[in-house]
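Here is the file entry38.cif (mmCIF, C-alpha atoms).
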```cif
data_final
#
loop_
_atom_site.label_atom_id
_atom_site.label_comp_id
_atom_site.auth_asym_id
_atom_site.auth_seq_id
_atom_site.Cartn_x
_atom_site.Cartn_y
_atom_site.Cartn_z
CA ALA A 1437 130.40 160.35 -11.09
CA LYS A 1438 130.28 164.00 -12.09
CA ALA A 1439 134.00 163.96 -12.91
CA LEU A 1440 133.47 160.89 -15.09
CA VAL A 1441 130.67 162.59 -17.05
CA LEU A 1442 132.84 165.67 -17.54
CA THR A 1443 135.74 163.53 -18.70
CA ARG A 1444 133.56 161.88 -21.34
CA LEU A 1445 132.21 165.23 -22.42
CA ALA A 1446 135.73 166.56 -22.90
CA ALA A 1447 136.79 163.43 -24.79
CA THR A 1448 133.96 163.99 -27.30
CA ALA A 1449 136.08 166.78 -28.78
CA ALA A 1450 138.53 164.15 -29.99
CA LEU A 1451 136.00 162.88 -32.50
CA PRO A 1452 136.49 163.99 -36.12
CA GLY A 1453 134.31 166.89 -37.09
CA ASP A 1454 133.75 170.57 -36.42
CA ALA A 1455 136.51 172.20 -34.33
CA THR A 1456 134.10 174.94 -33.28
CA GLN A 1457 131.63 172.38 -31.94
CA GLY A 1458 134.47 170.56 -30.21
CA ARG A 1459 135.59 173.78 -28.58
CA SER A 1460 132.01 174.42 -27.44
CA LEU A 1461 131.91 171.03 -25.73
CA LEU A 1462 135.19 171.71 -23.99
CA VAL A 1463 134.00 175.10 -22.80
CA ARG A 1464 130.89 173.45 -21.35
CA ALA A 1465 133.15 171.01 -19.51
CA LEU A 1466 135.15 173.94 -18.15
CA GLU A 1467 131.99 175.65 -16.93
CA ALA A 1468 130.80 172.49 -15.22
CA ALA A 1469 134.23 171.89 -13.65
CA ASP A 1470 134.08 175.40 -12.21
CA GLN A 1471 131.18 174.27 -10.02
CA MET A 1472 133.13 171.42 -8.44
CA GLY A 1473 134.06 171.88 -4.80
CA ASP A 1474 137.01 169.49 -4.67
CA ASP A 1475 140.10 171.28 -6.00
CA LEU A 1476 142.02 168.13 -6.91
CA ALA A 1477 139.01 166.61 -8.70
CA LYS A 1478 138.55 169.88 -10.57
CA ALA A 1479 142.24 169.81 -11.50
CA ALA A 1480 141.89 166.29 -12.88
CA VAL A 1481 138.99 167.32 -15.12
CA LEU A 1482 140.81 170.42 -16.34
CA GLY A 1483 143.78 168.23 -17.25
CA VAL A 1484 141.53 166.03 -19.40
CA VAL A 1485 140.05 169.11 -21.07
CA ALA A 1486 143.59 170.27 -21.90
CA GLN A 1487 144.23 167.00 -23.70
CA GLY A 1488 140.98 167.42 -25.60
CA ALA A 1489 142.20 170.81 -26.86
CA THR A 1490 145.04 169.12 -28.72
CA ARG A 1491 142.59 166.99 -30.70
CA LEU A 1492 140.53 169.81 -32.18
CA GLY A 1493 142.76 169.99 -35.26
CA ASP A 1494 142.70 173.79 -35.05
CA PRO A 1495 145.62 175.44 -33.16
CA VAL A 1496 143.78 178.74 -32.74
CA GLN A 1497 140.71 177.07 -31.21
CA GLY A 1498 143.01 174.91 -29.10
CA ARG A 1499 144.82 177.97 -27.79
CA VAL A 1500 141.53 179.58 -26.78
CA VAL A 1501 140.59 176.50 -24.75
CA LEU A 1502 144.00 176.19 -23.12
CA GLU A 1503 144.09 179.84 -22.11
CA SER A 1504 140.63 179.41 -20.62
CA ILE A 1505 141.98 176.53 -18.55
CA VAL A 1506 144.87 178.66 -17.35
CA ARG A 1507 142.42 181.34 -16.21
CA ALA A 1508 140.33 178.69 -14.47
CA THR A 1509 143.30 177.80 -12.25
CA ASP A 1510 142.74 181.12 -10.44
CA LYS A 1511 139.85 179.40 -8.68
CA ILE A 1512 141.91 176.41 -7.57
CA GLY A 1513 143.03 177.09 -4.03
CA ASN A 1514 145.31 174.06 -3.87
CA ASP A 1515 148.88 174.64 -5.14
CA LEU A 1516 149.33 170.98 -6.07
CA GLY A 1517 146.13 170.96 -8.14
CA LYS A 1518 147.11 174.18 -9.87
CA ALA A 1519 150.59 172.87 -10.71
CA ARG A 1520 149.17 169.66 -12.17
CA VAL A 1521 146.74 171.55 -14.39
CA LEU A 1522 149.45 173.88 -15.64
CA ALA A 1523 151.67 170.88 -16.38
CA SER A 1524 148.89 169.38 -18.50
CA VAL A 1525 148.39 172.67 -20.32
CA SER A 1526 152.15 172.90 -20.98
CA GLY A 1527 152.21 169.46 -22.55
CA ALA A 1528 149.16 170.28 -24.67
CA ALA A 1529 150.63 173.61 -25.81
CA ALA A 1530 153.67 171.82 -27.17
CA VAL A 1531 151.58 169.70 -29.53
CA LEU A 1532 148.96 172.19 -30.73
CA GLY A 1533 150.46 172.06 -34.21
CA ASP A 1534 151.48 175.73 -34.36
CA PRO A 1535 154.60 176.79 -32.38
CA ALA A 1536 153.47 180.42 -32.23
CA GLN A 1537 150.14 179.48 -30.65
CA GLY A 1538 151.90 177.09 -28.28
CA ARG A 1539 154.40 179.72 -27.15
CA ALA A 1540 151.55 182.16 -26.47
CA VAL A 1541 149.93 179.59 -24.20
CA LEU A 1542 153.20 178.92 -22.37
CA ALA A 1543 153.56 182.64 -21.67
CA GLU A 1544 150.21 182.47 -19.88
CA VAL A 1545 151.29 179.34 -18.02
CA LEU A 1546 154.40 181.10 -16.75
CA ARG A 1547 152.34 184.00 -15.44
CA ALA A 1548 149.94 181.63 -13.71
CA ALA A 1549 152.84 179.66 -12.24
CA ASP A 1550 153.93 182.77 -10.35
CA THR A 1551 150.75 182.46 -8.28
CA ILE A 1552 151.87 179.10 -6.89
CA GLY A 1553 153.10 180.01 -3.45
CA ALA A 1554 155.47 177.12 -2.76
CA ASP A 1555 158.60 176.91 -4.89
CA PHE A 1556 158.81 173.23 -3.92
CA THR A 1557 155.41 172.46 -5.44
CA LYS A 1558 156.18 174.41 -8.59
CA ALA A 1559 159.51 172.64 -9.11
CA ARG A 1560 158.22 169.19 -8.20
CA TRP A 1561 155.02 169.09 -10.24
CA LEU A 1562 155.41 171.62 -13.04
CA LEU A 1563 159.08 172.09 -13.93
CA VAL A 1564 159.74 169.04 -16.11
CA ALA A 1565 156.58 169.47 -18.20
CA LEU A 1566 157.25 173.17 -18.66
CA VAL A 1567 160.90 172.70 -19.65
CA GLU A 1568 160.01 169.92 -22.09
CA ALA A 1569 157.34 172.11 -23.69
CA GLU A 1570 159.68 175.09 -23.99
CA VAL A 1571 162.29 172.91 -25.73
CA LYS A 1572 159.75 171.44 -28.15
CA LEU A 1573 158.58 174.94 -29.04
CA GLY A 1574 162.09 176.25 -29.66
CA ASN A 1575 162.55 178.21 -26.42
CA ALA A 1576 165.82 176.56 -25.38
CA ALA A 1577 167.09 179.57 -23.41
CA GLN A 1578 163.84 179.86 -21.48
CA ALA A 1579 163.94 176.14 -20.70
CA ARG A 1580 167.45 176.42 -19.29
CA ASP A 1581 166.54 179.49 -17.22
CA LEU A 1582 163.57 177.66 -15.68
CA ALA A 1583 165.75 174.74 -14.65
CA GLU A 1584 168.35 177.04 -13.13
CA GLN A 1585 165.65 178.92 -11.24
CA ALA A 1586 164.43 175.66 -9.72
CA LEU A 1587 167.98 174.74 -8.78
CA ARG A 1588 168.23 177.95 -6.76
CA ALA A 1589 165.02 176.95 -5.00
CA ALA A 1590 166.66 173.67 -3.96
CA ASP A 1591 169.48 175.62 -2.38
CA ILE A 1592 167.10 177.32 0.05
CA ALA A 1593 164.86 174.31 0.76
CA ASP A 1594 164.23 173.95 4.49
CA THR A 1595 164.30 170.15 4.68
CA ASP A 1596 166.38 167.38 3.14
CA PHE A 1597 163.25 165.79 1.71
CA ALA A 1598 162.23 168.99 -0.06
CA ARG A 1599 165.75 169.48 -1.38
CA ILE A 1600 166.08 166.01 -2.88
CA ARG A 1601 162.61 166.15 -4.49
CA VAL A 1602 163.45 169.45 -6.17
CA LEU A 1603 166.86 168.16 -7.26
CA GLU A 1604 165.21 165.06 -8.77
CA SER A 1605 162.95 167.33 -10.80
CA VAL A 1606 165.84 169.54 -11.92
CA ALA A 1607 167.70 166.43 -13.09
CA GLY A 1608 164.63 165.32 -15.04
CA ALA A 1609 164.30 168.78 -16.57
CA ALA A 1610 167.99 168.89 -17.52
CA ALA A 1611 167.53 165.67 -19.48
CA LYS A 1612 164.96 167.50 -21.64
CA LEU A 1613 167.33 170.31 -22.67
CA SER A 1614 168.35 170.32 -26.32
CA ASP A 1615 172.02 171.20 -25.69
CA PRO A 1616 173.94 168.28 -24.09
CA ALA A 1617 176.71 170.58 -22.87
CA GLN A 1618 174.27 172.84 -21.05
CA ALA A 1619 172.49 169.82 -19.60
CA GLN A 1620 175.78 168.38 -18.38
CA VAL A 1621 176.71 171.64 -16.65
CA LEU A 1622 173.33 171.80 -14.94
CA LEU A 1623 173.48 168.16 -13.85
CA SER A 1624 176.97 168.68 -12.44
CA ARG A 1625 175.53 171.48 -10.32
CA VAL A 1626 172.81 169.09 -9.14
CA LEU A 1627 175.56 166.72 -8.01
CA ARG A 1628 177.20 169.48 -5.99
CA GLU A 1629 173.87 170.40 -4.39
CA THR A 1630 173.41 166.75 -3.40
CA ASP A 1631 176.39 167.12 -1.05
CA LYS A 1632 174.24 169.49 1.02
CA VAL A 1633 171.73 166.73 1.80
CA ALA A 1634 172.56 165.80 5.39
CA ASP A 1635 170.70 162.45 5.35
CA ALA A 1636 173.04 160.25 3.33
CA SER A 1637 170.29 157.65 2.77
CA LEU A 1638 168.39 160.22 0.66
CA ARG A 1639 171.29 161.06 -1.65
CA PRO A 1640 170.98 157.96 -3.86
CA ARG A 1641 167.54 159.13 -5.01
CA VAL A 1642 169.00 162.26 -6.56
CA LEU A 1643 172.00 160.40 -7.94
CA ILE A 1644 169.67 157.91 -9.65
CA SER A 1645 167.92 160.80 -11.41
CA VAL A 1646 171.25 162.28 -12.53
CA ALA A 1647 172.48 158.89 -13.77
CA GLN A 1648 169.29 158.39 -15.78
CA ALA A 1649 169.70 161.86 -17.27
CA ALA A 1650 173.31 161.07 -18.22
CA GLY A 1651 172.06 158.27 -20.44
CA LYS A 1652 169.70 160.65 -22.27
CA LEU A 1653 172.06 163.52 -23.10
CA GLY A 1654 172.49 162.59 -26.74
CA ASP A 1655 176.28 162.93 -26.41
CA SER A 1656 178.10 159.86 -25.11
CA ALA A 1657 181.23 161.80 -24.14
CA GLN A 1658 179.21 164.23 -22.02
CA GLY A 1659 177.25 161.33 -20.57
CA ARG A 1660 180.36 159.36 -19.60
CA ALA A 1661 181.94 162.41 -17.95
CA LEU A 1662 178.81 162.96 -15.90
CA LEU A 1663 178.56 159.25 -15.05
CA GLU A 1664 182.03 159.34 -13.50
CA GLY A 1665 180.89 162.17 -11.24
CA VAL A 1666 177.85 160.19 -10.14
CA ILE A 1667 179.97 157.10 -9.41
CA SER A 1668 182.26 159.17 -7.20
CA ALA A 1669 179.30 160.75 -5.41
CA ALA A 1670 177.73 157.32 -4.87
CA GLU A 1671 180.31 156.54 -2.20
CA THR A 1672 178.77 159.24 0.01
CA GLY A 1673 175.38 157.51 0.00
CA ARG A 1674 174.03 155.12 2.62
CA GLY A 1675 171.46 152.33 2.76
CA GLU A 1676 171.79 148.87 1.19
CA ALA A 1677 168.56 148.97 -0.82
CA GLU A 1678 169.12 152.58 -1.87
CA LEU A 1679 172.68 151.90 -2.99
CA ALA A 1680 171.67 148.71 -4.79
CA ALA A 1681 169.08 150.67 -6.79
CA LEU A 1682 171.66 153.37 -7.52
CA PHE A 1683 174.32 150.97 -8.79
CA LEU A 1684 171.74 149.16 -10.92
CA THR A 1685 170.88 152.49 -12.55
CA LEU A 1686 174.56 153.29 -13.01
CA ALA A 1687 175.08 149.91 -14.71
CA GLU A 1688 172.14 150.54 -17.05
CA THR A 1689 173.48 153.99 -17.94
CA ALA A 1690 176.99 152.69 -18.57
CA ALA A 1691 175.52 150.08 -20.92
CA LYS A 1692 173.53 152.76 -22.76
CA LEU A 1693 176.71 154.79 -23.15
CA GLY A 1694 178.51 151.81 -24.69
CA ASP A 1695 180.86 151.01 -21.80
CA SER A 1696 180.24 147.31 -21.24
CA VAL A 1697 183.24 146.85 -18.92
CA GLN A 1698 182.07 149.65 -16.63
CA ALA A 1699 178.53 148.31 -16.76
CA ARG A 1700 179.59 144.89 -15.48
CA THR A 1701 181.73 146.41 -12.74
CA LEU A 1702 178.81 148.49 -11.54
CA LEU A 1703 176.47 145.51 -11.79
CA SER A 1704 178.83 143.54 -9.56
CA ARG A 1705 178.70 146.33 -6.98
CA ALA A 1706 174.90 146.30 -7.20
CA ALA A 1707 174.95 142.55 -6.49
CA GLN A 1708 177.10 143.12 -3.41
CA GLU A 1709 174.73 145.78 -2.08
CA THR A 1710 171.74 143.51 -2.80
CA ALA A 1711 173.28 140.67 -0.80
CA GLY A 1712 173.51 142.96 2.23
CA ILE A 1713 169.85 143.97 2.29
CA GLY A 1714 168.34 142.86 5.59
CA THR A 1715 164.62 142.85 4.73
CA GLU A 1716 163.83 139.72 2.73
CA SER A 1717 160.98 141.21 0.68
CA THR A 1718 163.13 144.19 -0.30
CA LYS A 1719 166.01 141.89 -1.17
CA ALA A 1720 163.73 139.79 -3.36
CA HIS A 1721 162.39 142.85 -5.18
CA THR A 1722 165.94 144.08 -5.77
CA GLN A 1723 167.07 140.65 -6.98
CA VAL A 1724 164.42 140.82 -9.68
CA ALA A 1725 165.69 144.24 -10.80
CA LEU A 1726 169.23 142.87 -10.68
CA ALA A 1727 168.25 140.00 -12.98
CA GLU A 1728 166.62 142.39 -15.45
CA THR A 1729 169.59 144.75 -15.45
CA ALA A 1730 171.97 141.83 -15.90
CA LEU A 1731 170.11 140.94 -19.09
CA GLN A 1732 170.44 144.53 -20.32
CA THR A 1733 174.20 144.46 -19.69
CA ASP A 1734 174.51 140.99 -21.25
CA ASP A 1735 175.68 139.39 -18.00
CA ARG A 1736 173.78 136.14 -18.31
CA ALA A 1737 175.62 134.54 -15.40
CA GLN A 1738 174.38 137.20 -12.99
CA ALA A 1739 170.89 137.04 -14.46
CA GLN A 1740 170.88 133.29 -13.89
CA ALA A 1741 172.13 133.67 -10.31
CA SER A 1742 169.45 136.24 -9.47
CA LEU A 1743 166.80 134.11 -11.14
CA GLN A 1744 167.70 131.16 -8.94
CA ALA A 1745 167.83 133.36 -5.83
CA VAL A 1746 164.32 134.66 -6.45
CA GLY A 1747 162.99 131.18 -7.12
CA ALA A 1748 164.52 129.84 -3.91
CA MET A 1749 163.08 132.73 -1.86
CA ARG A 1750 159.60 132.15 -3.27
CA GLN A 1751 159.81 128.45 -2.45
CA SER A 1752 161.06 129.14 1.09
CA PHE A 1753 159.01 132.18 2.09
CA GLY A 1754 156.07 132.31 -0.31
CA ALA A 1755 154.23 135.32 -1.70
CA LYS A 1756 154.78 137.42 1.41
CA VAL A 1757 158.44 137.82 0.44
CA VAL A 1758 158.30 137.35 -3.34
CA ALA A 1759 155.05 138.93 -4.49
CA ASP A 1760 153.33 137.72 -7.64
CA PRO A 1761 154.20 140.85 -9.69
CA ASP A 1762 157.91 140.28 -8.97
CA LEU A 1763 157.63 136.60 -9.80
CA VAL A 1764 155.92 137.45 -13.10
CA ARG A 1765 158.89 139.66 -14.01
CA THR A 1766 161.23 136.81 -13.07
CA VAL A 1767 159.38 134.44 -15.40
CA ALA A 1768 160.12 136.86 -18.25
CA VAL A 1769 163.81 136.80 -17.30
CA ALA A 1770 163.77 133.01 -17.32
CA ALA A 1771 162.24 133.02 -20.81
CA SER A 1772 164.93 135.43 -22.02
CA LEU A 1773 167.56 133.01 -20.73
CA ASP A 1774 165.79 130.04 -22.36
CA GLN A 1775 165.37 128.51 -18.90
CA TRP A 1776 162.08 126.80 -19.66
CA GLN A 1777 162.08 124.60 -16.58
CA TRP A 1778 162.17 127.76 -14.47
CA VAL A 1779 159.46 129.34 -16.62
CA THR A 1780 157.19 126.37 -15.92
CA SER A 1781 157.94 125.99 -12.22
CA MET A 1782 157.71 129.72 -11.45
CA THR A 1783 154.46 130.10 -13.37
CA ASP A 1784 153.02 127.22 -11.33
CA MET A 1785 154.02 129.07 -8.13
CA LEU A 1786 151.86 132.09 -8.99
CA SER A 1787 148.84 132.56 -6.76
CA THR A 1788 146.15 133.61 -9.24
CA ASP A 1789 145.07 132.81 -12.75
CA SER A 1790 145.41 136.46 -13.76
CA ALA A 1791 149.06 136.46 -12.64
CA LYS A 1792 149.67 133.27 -14.63
CA LEU A 1793 148.10 134.84 -17.72
CA ASP A 1794 150.28 137.92 -17.24
CA ALA A 1795 153.36 135.70 -17.02
CA LEU A 1796 152.45 133.79 -20.16
CA SER A 1797 151.81 136.99 -22.11
CA ARG A 1798 155.27 138.20 -21.14
CA VAL A 1799 156.80 134.92 -22.20
CA PHE A 1800 155.10 135.21 -25.61
CA ALA A 1801 156.40 138.79 -25.90
CA VAL A 1802 159.94 137.58 -25.18
CA ARG A 1803 159.66 134.81 -27.76
CA LYS A 1804 158.32 137.24 -30.34
CA SER A 1805 161.20 139.63 -29.70
CA GLN A 1806 163.73 136.81 -29.95
CA ALA A 1807 162.21 135.65 -33.24
CA ARG A 1808 162.60 139.14 -34.72
CA ILE A 1809 166.25 139.32 -33.68
CA ARG A 1810 167.01 135.92 -35.15
#
```

Could you show the structure in this file as structure tokens?
Amino acid sequence: AKALVLTRLAATAALPGDATQGRSLLVRALEAADQMGDDLAKAAVLGVVAQGATRLGDPVQGRVVLESIVRATDKIGNDLGKARVLASVSGAAAVLGDPAQGRAVLAEVLRAADTIGADFTKARWLLVALVEAEVKLGNAAQARDLAEQALRAADIADTDFARIRVLESVAGAAAKLSDPAQAQVLLSRVLRETDKVADASLRPRVLISVAQAAGKLGDSAQGRALLEGVISAAETGRGEAELAALFLTLAETAAKLGDSVQARTLLSRAAQETAGIGTESTKAHTQVALAETALQTDDRAQAQASLQAVGAMRQSFGAKVVADPDLVRTVAVAASLDQWQWVTSMTDMLSTDSAKLDALSRVFAVRKSQARIR
């Protein structure tokens, strides 16, 4: 309850009016948060206060509040909580409205980040926000250096799980860099580091992150070159569900990069991996994703096949295998394919009225989108 009151107090600063008064309210919220005993709850409140600082309409006042939040992290004994607060402050600094004020705040964030003991925690929960903020504020070189520093941390990680989580974050950070060539070089290094992950079933998670980044580089040639590297590395992965998710992501990326032939080839591989999944509920969930990706790659035949597979599984096994949220997504696919009989029958299969309303709202959204295109 106390956290809720503090959150509302911080949000008051978003109201139009006196920036000085708004700052005063935020400072009061900071003082009250300082009395909280739960580090993670305190971190959550400080994150909300950081967002309030961006709404003051005065970059100088906003900077004062954000730097106060950074100082307050000294009293957070939990590395995860501290990293989350600093990530919120980084995002707020990037949108203060004055790059000079924002860069000053980020300098304080970097100093505070050095007090986070675990490199894993810093890379996992702070890196992407910090890199994105540095890029937005014109510090491209600093952004690249931060990502490379995190990559070195992955190299010395003591477990496969820690390594892949850091590599996922580095891939996400690379996608934020403003120079596609630099991003591509960094992502290629992430691919090489993935080879060091001994558990082959974990590798697809990193490769998915790299593939997603390839589609965001802003340079299709760089993206396609990187995509080829990911496709080659995919053969070293293991696990039907993991590989199905990877090849779905690869198909989506190929479509984004304008290679429709490659997209369909990768989608076909995803369908093969999906067929081999042994757990029915996992297979059903993946079939839904396969149907959605097939629509994105304009493979209506595959979308139709997956649609029918999901419908048959729901009829045979019920909601324990095909959960309502997955069936709602399938209804939207059916509407996109103009399969109105399936829309009706699948909606009737849903267990609750709220799920049926969700399905109908998605159908209306599909129809509205189709009307705009036509």

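Residues captured in this structure file are Gly1675, Glu1676, Ala1677, Thr1710, Ala1711, Gly1712, Ile1713, Gly1714, Glu1716, Ser1717, Thr1718, Lys1719, Ala1720, His1721, Thr1722, Lys1756, Val1757 and Val1758 of chain A, according to the PyMOL selection byres ((chain A and resi 1715) around 12).
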
Store the residues picked out above, limited to C-alpha atoms, as a PDB file, in the frame of the given file.
```pdb
ATOM      1  CA  GLY A1675     171.460 152.330   2.760  1.00  0.00           C
ATOM      2  CA  GLU A1676     171.790 148.870   1.190  1.00  0.00           C
ATOM      3  CA  ALA A1677     168.560 148.970  -0.820  1.00  0.00           C
ATOM      4  CA  THR A1710     171.740 143.510  -2.800  1.00  0.00           C
ATOM      5  CA  ALA A1711     173.280 140.670  -0.800  1.00  0.00           C
ATOM      6  CA  GLY A1712     173.510 142.960   2.230  1.00  0.00           C
ATOM      7  CA  ILE A1713     169.850 143.970   2.290  1.00  0.00           C
ATOM      8  CA  GLY A1714     168.340 142.860   5.590  1.00  0.00           C
ATOM      9  CA  GLU A1716     163.830 139.720   2.730  1.00  0.00           C
ATOM     10  CA  SER A1717     160.980 141.210   0.680  1.00  0.00           C
ATOM     11  CA  THR A1718     163.130 144.190  -0.300  1.00  0.00           C
ATOM     12  CA  LYS A1719     166.010 141.890  -1.170  1.00  0.00           C
ATOM     13  CA  ALA A1720     163.730 139.790  -3.360  1.00  0.00           C
ATOM     14  CA  HIS A1721     162.390 142.850  -5.180  1.00  0.00           C
ATOM     15  CA  THR A1722     165.940 144.080  -5.770  1.00  0.00           C
ATOM     16  CA  LYS A1756     154.780 137.420   1.410  1.00  0.00           C
ATOM     17  CA  VAL A1757     158.440 137.820   0.440  1.00  0.00           C
ATOM     18  CA  VAL A1758     158.300 137.350  -3.340  1.00  0.00           C
TER      19      VAL A1758
END
```

Polymer residues at most 8 Å from Ala1690 (chain A), all atoms listed in the file, same-chain spacing of 3 or more positions, as a VMD selection string: chain A and resid 1651 1660 1663 1686 to 1687 1693 to 1696 1698 to 1699

Picked residues, the PyMOL selection byres ((chain A and resi 1767) around 7), as a VMD selection string: chain A and resid 1763 to 1766 1768 to 1771 1779 1782 to 1783 1795

Hits from the PyMOL selection byres ((chain A and resi 1630) around 10), listed as a PyMOL selection string: chain A and resi 1590-1591+1596+1599-1600+1603-1604+1624-1629+1631-1634+1636+1638-1643+1669+1672

Would you give the centre and edge lengths, in Å to one decimal, of a box along x, y and z around the listed atoms of region 1534-1538 of chain A, with 4 Å added to each side, as AutoDock Vina command-line options?
```
--center_x 152.4 --center_y 178.1 --center_z -31.3 --size_x 12.5 --size_y 12.7 --size_z 14.1
```

With a cut-off of 10 Å, could you pull out the residues of region 1636-1730 of chain A touching region 1606-1622 of chain A and give me the nearest pair of atoms for each, distance in Å to one decimal, using all atoms listed in the file, ordered by chain and ascending number, as CSV?
```
residue,atom,partner,partner_atom,distance
A:Val1642,CA,A:Ala1607,CA,7.9
A:Leu1643,CA,A:Ala1607,CA,9.0
A:Ile1644,CA,A:Ala1607,CA,9.4
A:Ser1645,CA,A:Ala1607,CA,5.9
A:Val1646,CA,A:Ala1607,CA,5.5
A:Ala1647,CA,A:Ala1607,CA,9.0
A:Gln1648,CA,A:Ala1611,CA,8.4
A:Ala1649,CA,A:Ala1611,CA,4.9
A:Ala1650,CA,A:Ala1611,CA,7.5
A:Gly1651,CA,A:Ala1611,CA,8.7
A:Lys1652,CA,A:Ala1611,CA,6.1
A:Leu1653,CA,A:Pro1616,CA,5.2
A:Gly1654,CA,A:Pro1616,CA,6.4
A:Asp1655,CA,A:Pro1616,CA,6.3
A:Ser1656,CA,A:Pro1616,CA,9.4
A:Ala1657,CA,A:Pro1616,CA,9.8
A:Gln1658,CA,A:Gln1620,CA,6.5
A:Gly1659,CA,A:Gln1620,CA,7.5
A:Ala1661,CA,A:Gln1620,CA,8.6
A:Leu1662,CA,A:Gln1620,CA,6.7
```

Within 8 Å of Arg1459 (chain A) using only C-alpha atoms, minus same-chain residues under 3 positions, as a VMD selection string: chain A and resid 1449 1455 to 1456 1462 to 1463 1489 1492 1497 to 1498 1501

Gap from CA of Val1545 (chain A) to CA of Phe1597 (chain A) - Å, one decimal: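 Computing it gives 26.8 Å between the two atoms.
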